[in-house]
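Heads up: the structure comes next, in structure tokens.
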Number of protein chains: 2
Amino acid sequence: MIVKEGLDGFGVNKLARAAGVSPATIYIYYKDREDLIIQTTIRVADTMLRESLHDFDPEMHFAEGLRKQWQNRANHFLQHPLDVEFIEKMRYSHLYDKVSGQIYLTFKDVMGKFVHNAIERKELIALPFEVYWSLAFAPLYQLIKFHTQKKTFGHLPFELTEESMEQTLQLVLKALKPDPLPS
Amino acid sequence: MIVKEGLDGFGVNKLARAAGVSPATIYIYYKDREDLIIQTTIRVADTMLRESLHDFDPEMHFAEGLRKQWQNRANHFLQHPLDVEFIEKMRYSHLYDKVSGQIYLTFKDVMGKFVHNAIERKELIALPFEVYWSLAFAPLYQLIKFHTQKKTFGHLPFELTEESMEQTLQLVLKALKPDPLPS
DNA sequence: TTTAAAAGTAAGCGATCGCTCACTTATCTT
DNA sequence: AAGATAAGTGAGCGATCGCTTACTTTTAAA
């Protein structure tokens with residue numbers, strides 16, 4: 001409902017009707033409307049982050065590890081597009097402050113270790129974490145957004161193919177790889 | 001109001017009260033609530049896109065032109081942070097379909113020309129427009145988002161400095177620049 | 001089989017929603 | 001100055017909002 005009609009189109013009464021239960025039932029499980037939204041967001045985001053680390057190990061080589069994460073994220077998107085759209089919406093809602101603190105806990109550790117290892121092994125240039133993140137993942141999420149919007153920048157709607165993803169990843173890796181020292 | 005309380009916290013009565021006018025007055029200028037939001041979004045987005053092209057020319061060298069656009073966008077953000085937050089919110093709202101078509105018209109031409117020129121001059125590798133866009137701008141917008149959220153990935157909140165922006169831009173340019181042919 | 005806790009419900013509260021109508025005030029034309 | 005048009009208003013409509021209360025049904029332990 002939130003993906004289709006937005007947060008302002010989402011109401012507790014409406015949800016109860018759609019679910020075929022009484023509004024009062026909802027308040028057995030959630031304190032109020034906001035609690036429902038926040039708890040749902042946390043649940044979905046947790047699943048997504050856990051899946052993004054599937055078969056991932058912070059000891060992996062950088063290129064290999066980053067590709068794995070891109071694949072995990074892309075796969076999750078293809079299998080649960082609604083979840084991804086939901087989280088993206090929530091990320092830009094005024095409620096996001098109240099969830100962001102709760103969802104990155106274990107995730108931050110693993111990612112931090114991965115980046116730290118990669119820098120130590122000279123597979124990744126030393127960067128502030130935010131700069132790294134902006135380069136390493138923002139392009140992928142933008143591609144996904146183009147795909148869901150099917151906005152036509154060219155004459156054809158964009159599709160997130162294996163090919164365009166790999167192409168973009170290669171360029172990201174090029175940006176993040178240390179320059180070989182002139183010998 | 002929308003930035004602070006979200007689309008679902010925004011009401012016509014509330015707005016009228018805050019503005020010190022009668023609700024009926026608002027309906028002189030806008031057909032309904034949705035029309036108000038959409039028209040406002042278009043107006044703000046138009047201003048932003050126009051400013052992003054300030055002192056820009058599609059004939060510029062690629063690195064120079066992209067830096068100019070990053071600077072314009074960053075400056076606009078520093079001077080009108082609320083506008084930027086507003087647009088970001090709207091970009092992820094269910095109403096965005098109804099505005100996206102209307103705001104990229106002239107912008108698309110100029111940007112298309114710029115990219116086309118850069119590719120012809122071998123200052124930029126040949127890419128689908130969406131891939132280019134994802135690499136060229138998504139990292140900047142992610143940095144801006146980190147800045148506004150002041151989410152602490154490290155021990156200190158992130159700030160969008162001239163330095164971190166230039167660093168990120170350099171890496172983006174490295175990704176997008178053709179490899180020199182081995183001679 | 002009794003009983004008490006848990007789960008669920010219908011009905012509806014007060015508040016607010018988007019929006020309109022009958023009307024008044026300001027502005028402009030001639 | 002008179003009349004026409006535009007701009008703005010206060011009051012409030014019906015609908016829906018988030019949420020609660022008094023009550024019934026289901027579940028499960030004793």
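Chains: A, B, ... in order of the structure tokens. Residues: from 1 per chain. Ligands: from 1, in order shown.
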
**Asked** When the cut-off is 9 Å and we count only C-alpha atoms (C1' of nucleotides), which residues of chain C are near chain B, given as a PyMOL selection string?
**Response** chain C and resi 16-20

Would you write out those residues with N, CA and C atoms (P, O5', C5', C4', C3', O3' and C1' of nucleotides), as a compact mmCIF listing (two decimals), in the first residue's frame?
```txt
# COMPACT_ATOMS: atom_id res chain seq x y z
P DT C 16 -7.31 18.18 15.90
O5' DT C 16 -7.25 17.87 14.34
C5' DT C 16 -6.61 16.67 13.90
C4' DT C 16 -7.08 16.35 12.51
C3' DT C 16 -6.95 17.52 11.53
O3' DT C 16 -5.90 17.20 10.63
C1' DT C 16 -8.98 16.29 11.24
P DC C 17 -5.47 18.17 9.45
O5' DC C 17 -6.16 17.49 8.19
C5' DC C 17 -5.96 16.08 7.98
C4' DC C 17 -6.90 15.59 6.90
C3' DC C 17 -7.07 16.56 5.75
O3' DC C 17 -6.06 16.30 4.79
C1' DC C 17 -9.18 15.66 6.45
P DG C 18 -5.64 17.48 3.81
O5' DG C 18 -6.70 17.40 2.62
C5' DG C 18 -6.95 16.16 1.96
C4' DG C 18 -8.21 16.31 1.11
C3' DG C 18 -8.14 17.44 0.09
O3' DG C 18 -8.76 17.02 -1.12
C1' DG C 18 -9.95 17.80 1.56
P DC C 19 -8.71 18.00 -2.40
O5' DC C 19 -10.04 18.85 -2.19
C5' DC C 19 -11.28 18.16 -2.01
C4' DC C 19 -12.37 19.14 -1.63
C3' DC C 19 -12.49 20.37 -2.51
O3' DC C 19 -13.61 20.19 -3.38
C1' DC C 19 -12.87 20.83 -0.19
P DT C 20 -14.04 21.33 -4.41
O5' DT C 20 -15.23 22.05 -3.61
C5' DT C 20 -16.25 21.24 -3.05
C4' DT C 20 -17.31 22.14 -2.42
C3' DT C 20 -17.74 23.33 -3.29
O3' DT C 20 -19.15 23.42 -3.23
C1' DT C 20 -17.06 24.10 -1.15
```

List every residue of chain B that has an atom at most 12 Å from any atom of chain D, and for each one report the closest atom pair and its distance in Å to one decimal, counting only C-alpha atoms (C1' of nucleotides), with rows sorted by chain and then by increasing residue number, as a tab-separated table.
```
residue	atom	partner	partner_atom	distance
B:Asp8	CA	D:DC17	C1'	11.5
B:Ala16	CA	D:DT9	C1'	11.9
B:Gly20	CA	D:DT9	C1'	11.4
B:Val21	CA	D:DG8	C1'	8.3
B:Ser22	CA	D:DT9	C1'	6.2
B:Pro23	CA	D:DT9	C1'	8.9
B:Ala24	CA	D:DT9	C1'	7.6
B:Thr25	CA	D:DG8	C1'	6.0
B:Ile26	CA	D:DG8	C1'	9.7
B:Tyr27	CA	D:DG8	C1'	10.7
B:Ile28	CA	D:DA7	C1'	8.4
B:Tyr29	CA	D:DA7	C1'	10.4
```

Preceding selection exported with all heavy atoms as a compact mmCIF listing (two decimals), in the first residue's frame:
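Saved to result_26.txt:
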```txt
# COMPACT_ATOMS: atom_id res chain seq x y z
N ASP B 8 2.61 12.83 4.41
CA ASP B 8 1.42 12.47 5.16
C ASP B 8 1.15 13.45 6.30
O ASP B 8 0.06 13.46 6.86
CB ASP B 8 1.49 11.04 5.69
CG ASP B 8 2.74 10.80 6.50
OD1 ASP B 8 3.76 11.46 6.24
OD2 ASP B 8 2.72 9.94 7.40
N ALA B 16 -2.97 26.33 5.36
CA ALA B 16 -3.70 27.60 5.39
C ALA B 16 -3.53 28.29 6.74
O ALA B 16 -3.28 29.50 6.81
CB ALA B 16 -5.18 27.35 5.10
N GLY B 20 -1.71 31.81 7.43
CA GLY B 20 -2.59 32.90 7.85
C GLY B 20 -3.62 33.28 6.81
O GLY B 20 -4.01 34.44 6.69
N VAL B 21 -4.05 32.31 6.03
CA VAL B 21 -5.11 32.58 5.05
C VAL B 21 -6.22 31.55 5.21
O VAL B 21 -6.08 30.58 5.96
CB VAL B 21 -4.59 32.51 3.60
CG1 VAL B 21 -3.49 33.54 3.38
CG2 VAL B 21 -4.09 31.11 3.27
N SER B 22 -7.30 31.76 4.51
CA SER B 22 -8.39 30.80 4.54
C SER B 22 -8.07 29.62 3.61
O SER B 22 -7.41 29.80 2.58
CB SER B 22 -9.67 31.48 4.08
OG SER B 22 -10.61 30.51 3.65
N PRO B 23 -8.50 28.43 4.00
CA PRO B 23 -8.29 27.28 3.10
C PRO B 23 -8.81 27.55 1.70
O PRO B 23 -8.21 27.15 0.70
CB PRO B 23 -9.10 26.17 3.78
CG PRO B 23 -9.19 26.56 5.20
CD PRO B 23 -9.15 28.05 5.25
N ALA B 24 -9.92 28.28 1.64
CA ALA B 24 -10.54 28.55 0.33
C ALA B 24 -9.60 29.32 -0.58
O ALA B 24 -9.63 29.15 -1.80
CB ALA B 24 -11.84 29.31 0.53
N THR B 25 -8.77 30.18 0.01
CA THR B 25 -7.83 30.97 -0.79
C THR B 25 -6.90 30.08 -1.58
O THR B 25 -6.58 30.34 -2.75
CB THR B 25 -7.00 31.89 0.12
OG1 THR B 25 -7.89 32.66 0.91
CG2 THR B 25 -6.11 32.80 -0.68
N ILE B 26 -6.45 29.01 -0.94
CA ILE B 26 -5.51 28.10 -1.60
C ILE B 26 -6.12 27.52 -2.87
O ILE B 26 -5.44 27.36 -3.88
CB ILE B 26 -5.10 26.99 -0.62
CG1 ILE B 26 -4.21 27.58 0.48
CG2 ILE B 26 -4.40 25.84 -1.33
CD1 ILE B 26 -3.89 26.63 1.61
N TYR B 27 -7.43 27.28 -2.81
CA TYR B 27 -8.09 26.66 -3.96
C TYR B 27 -8.35 27.64 -5.09
O TYR B 27 -8.86 27.26 -6.14
CB TYR B 27 -9.35 25.94 -3.51
CG TYR B 27 -9.04 24.69 -2.72
CD1 TYR B 27 -8.91 24.74 -1.34
CD2 TYR B 27 -8.82 23.48 -3.36
CE1 TYR B 27 -8.60 23.60 -0.61
CE2 TYR B 27 -8.50 22.34 -2.64
CZ TYR B 27 -8.40 22.41 -1.27
OH TYR B 27 -8.07 21.29 -0.56
N ILE B 28 -8.04 28.91 -4.87
CA ILE B 28 -8.05 29.85 -5.98
C ILE B 28 -6.86 29.58 -6.89
O ILE B 28 -6.96 29.66 -8.11
CB ILE B 28 -7.99 31.30 -5.46
CG1 ILE B 28 -9.23 31.59 -4.61
CG2 ILE B 28 -7.87 32.30 -6.61
CD1 ILE B 28 -9.18 32.93 -3.90
N TYR B 29 -5.75 29.18 -6.29
CA TYR B 29 -4.51 29.03 -7.05
C TYR B 29 -4.20 27.59 -7.45
O TYR B 29 -3.44 27.36 -8.38
CB TYR B 29 -3.35 29.60 -6.23
CG TYR B 29 -3.52 31.07 -5.94
CD1 TYR B 29 -4.11 31.51 -4.75
CD2 TYR B 29 -3.13 32.01 -6.88
CE1 TYR B 29 -4.29 32.85 -4.50
CE2 TYR B 29 -3.31 33.37 -6.64
CZ TYR B 29 -3.89 33.78 -5.45
OH TYR B 29 -4.08 35.11 -5.22
```

**7 Å contacts from chain B to chain A using only C-alpha atoms, as a PyMOL selection string** = chain B and resi 4-8+89+92-94+129-131+134-135+138-139+142-143+153+168+171-172+174-175

**Message:** List the spatial neighbours of stretch 73-79 of chain A as a list of chain:residue names - criterion: any atom at most 10 Å away, only C-alpha atoms (C1' of nucleotides), same-chain residues fewer than 2 positions off excluded.
**Reply:**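 Answer for this query is A:Thr47, A:Met48, A:Leu49, A:Glu51, A:Ser52, A:Leu53, A:His54, A:Arg67, A:Lys68, A:Gln69, A:Trp70, A:Gln71, A:Pro81, A:Leu82, A:Asp83, A:Val84, A:Glu85, A:Phe137, A:Leu140, A:Tyr141, A:Leu143, A:Ile144, A:Thr148, A:Leu160, A:Thr161, A:Glu162, A:Met165.
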
Output of the above residues as a CSV table (one decimal), in the first residue's frame, restricted to C-alpha atoms:
```csv
chain,number,residue,atom,x,y,z
A,47,THR,CA,16.2,-8.9,5.8
A,48,MET,CA,17.7,-6.9,2.9
A,49,LEU,CA,21.0,-6.2,4.8
A,51,GLU,CA,20.8,-11.0,2.3
A,52,SER,CA,23.3,-8.5,1.0
A,53,LEU,CA,25.9,-10.3,3.1
A,54,HIS,CA,24.9,-13.8,1.9
A,67,ARG,CA,30.7,-7.9,-6.8
A,68,LYS,CA,29.1,-10.4,-4.5
A,69,GLN,CA,27.4,-7.6,-2.7
A,70,TRP,CA,26.2,-6.0,-5.9
A,71,GLN,CA,24.9,-9.4,-7.0
A,81,PRO,CA,11.1,-5.5,-5.9
A,82,LEU,CA,8.3,-4.3,-3.6
A,83,ASP,CA,10.6,-4.6,-0.6
A,84,VAL,CA,13.3,-2.6,-2.3
A,85,GLU,CA,10.8,0.1,-3.4
A,137,PHE,CA,26.9,1.6,-3.9
A,140,LEU,CA,24.0,0.6,-8.3
A,141,TYR,CA,21.0,2.0,-6.5
A,143,LEU,CA,20.5,1.9,-11.8
A,144,ILE,CA,17.9,0.1,-9.9
A,148,THR,CA,11.9,0.5,-11.6
A,160,LEU,CA,19.0,-3.5,-15.4
A,161,THR,CA,20.8,-6.3,-17.3
A,162,GLU,CA,23.6,-8.4,-16.1
A,165,MET,CA,25.5,-4.0,-14.1
```

**Message:** Rounded to one decimal, what separation in Å do you get between atom CA of A:Met1 and atom CA of A:Ala19?
**Reply:**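 Spanning atom CA of A:Met1 to atom CA of A:Ala19 is a straight-line distance of 11.2 Å.
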
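For the pair atom CA of A:Leu181 and atom CA of A:Pro58, the separation is 25.8 Å.
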
**Message:** What parts of stretch 25-101 of chain A does DSSP call alpha helix (DSSP H)? I'd like the answer as an MDAnalysis selection string.
**Reply:** chainID A and resid 25:29 33:52 62:79 81:91 97:101
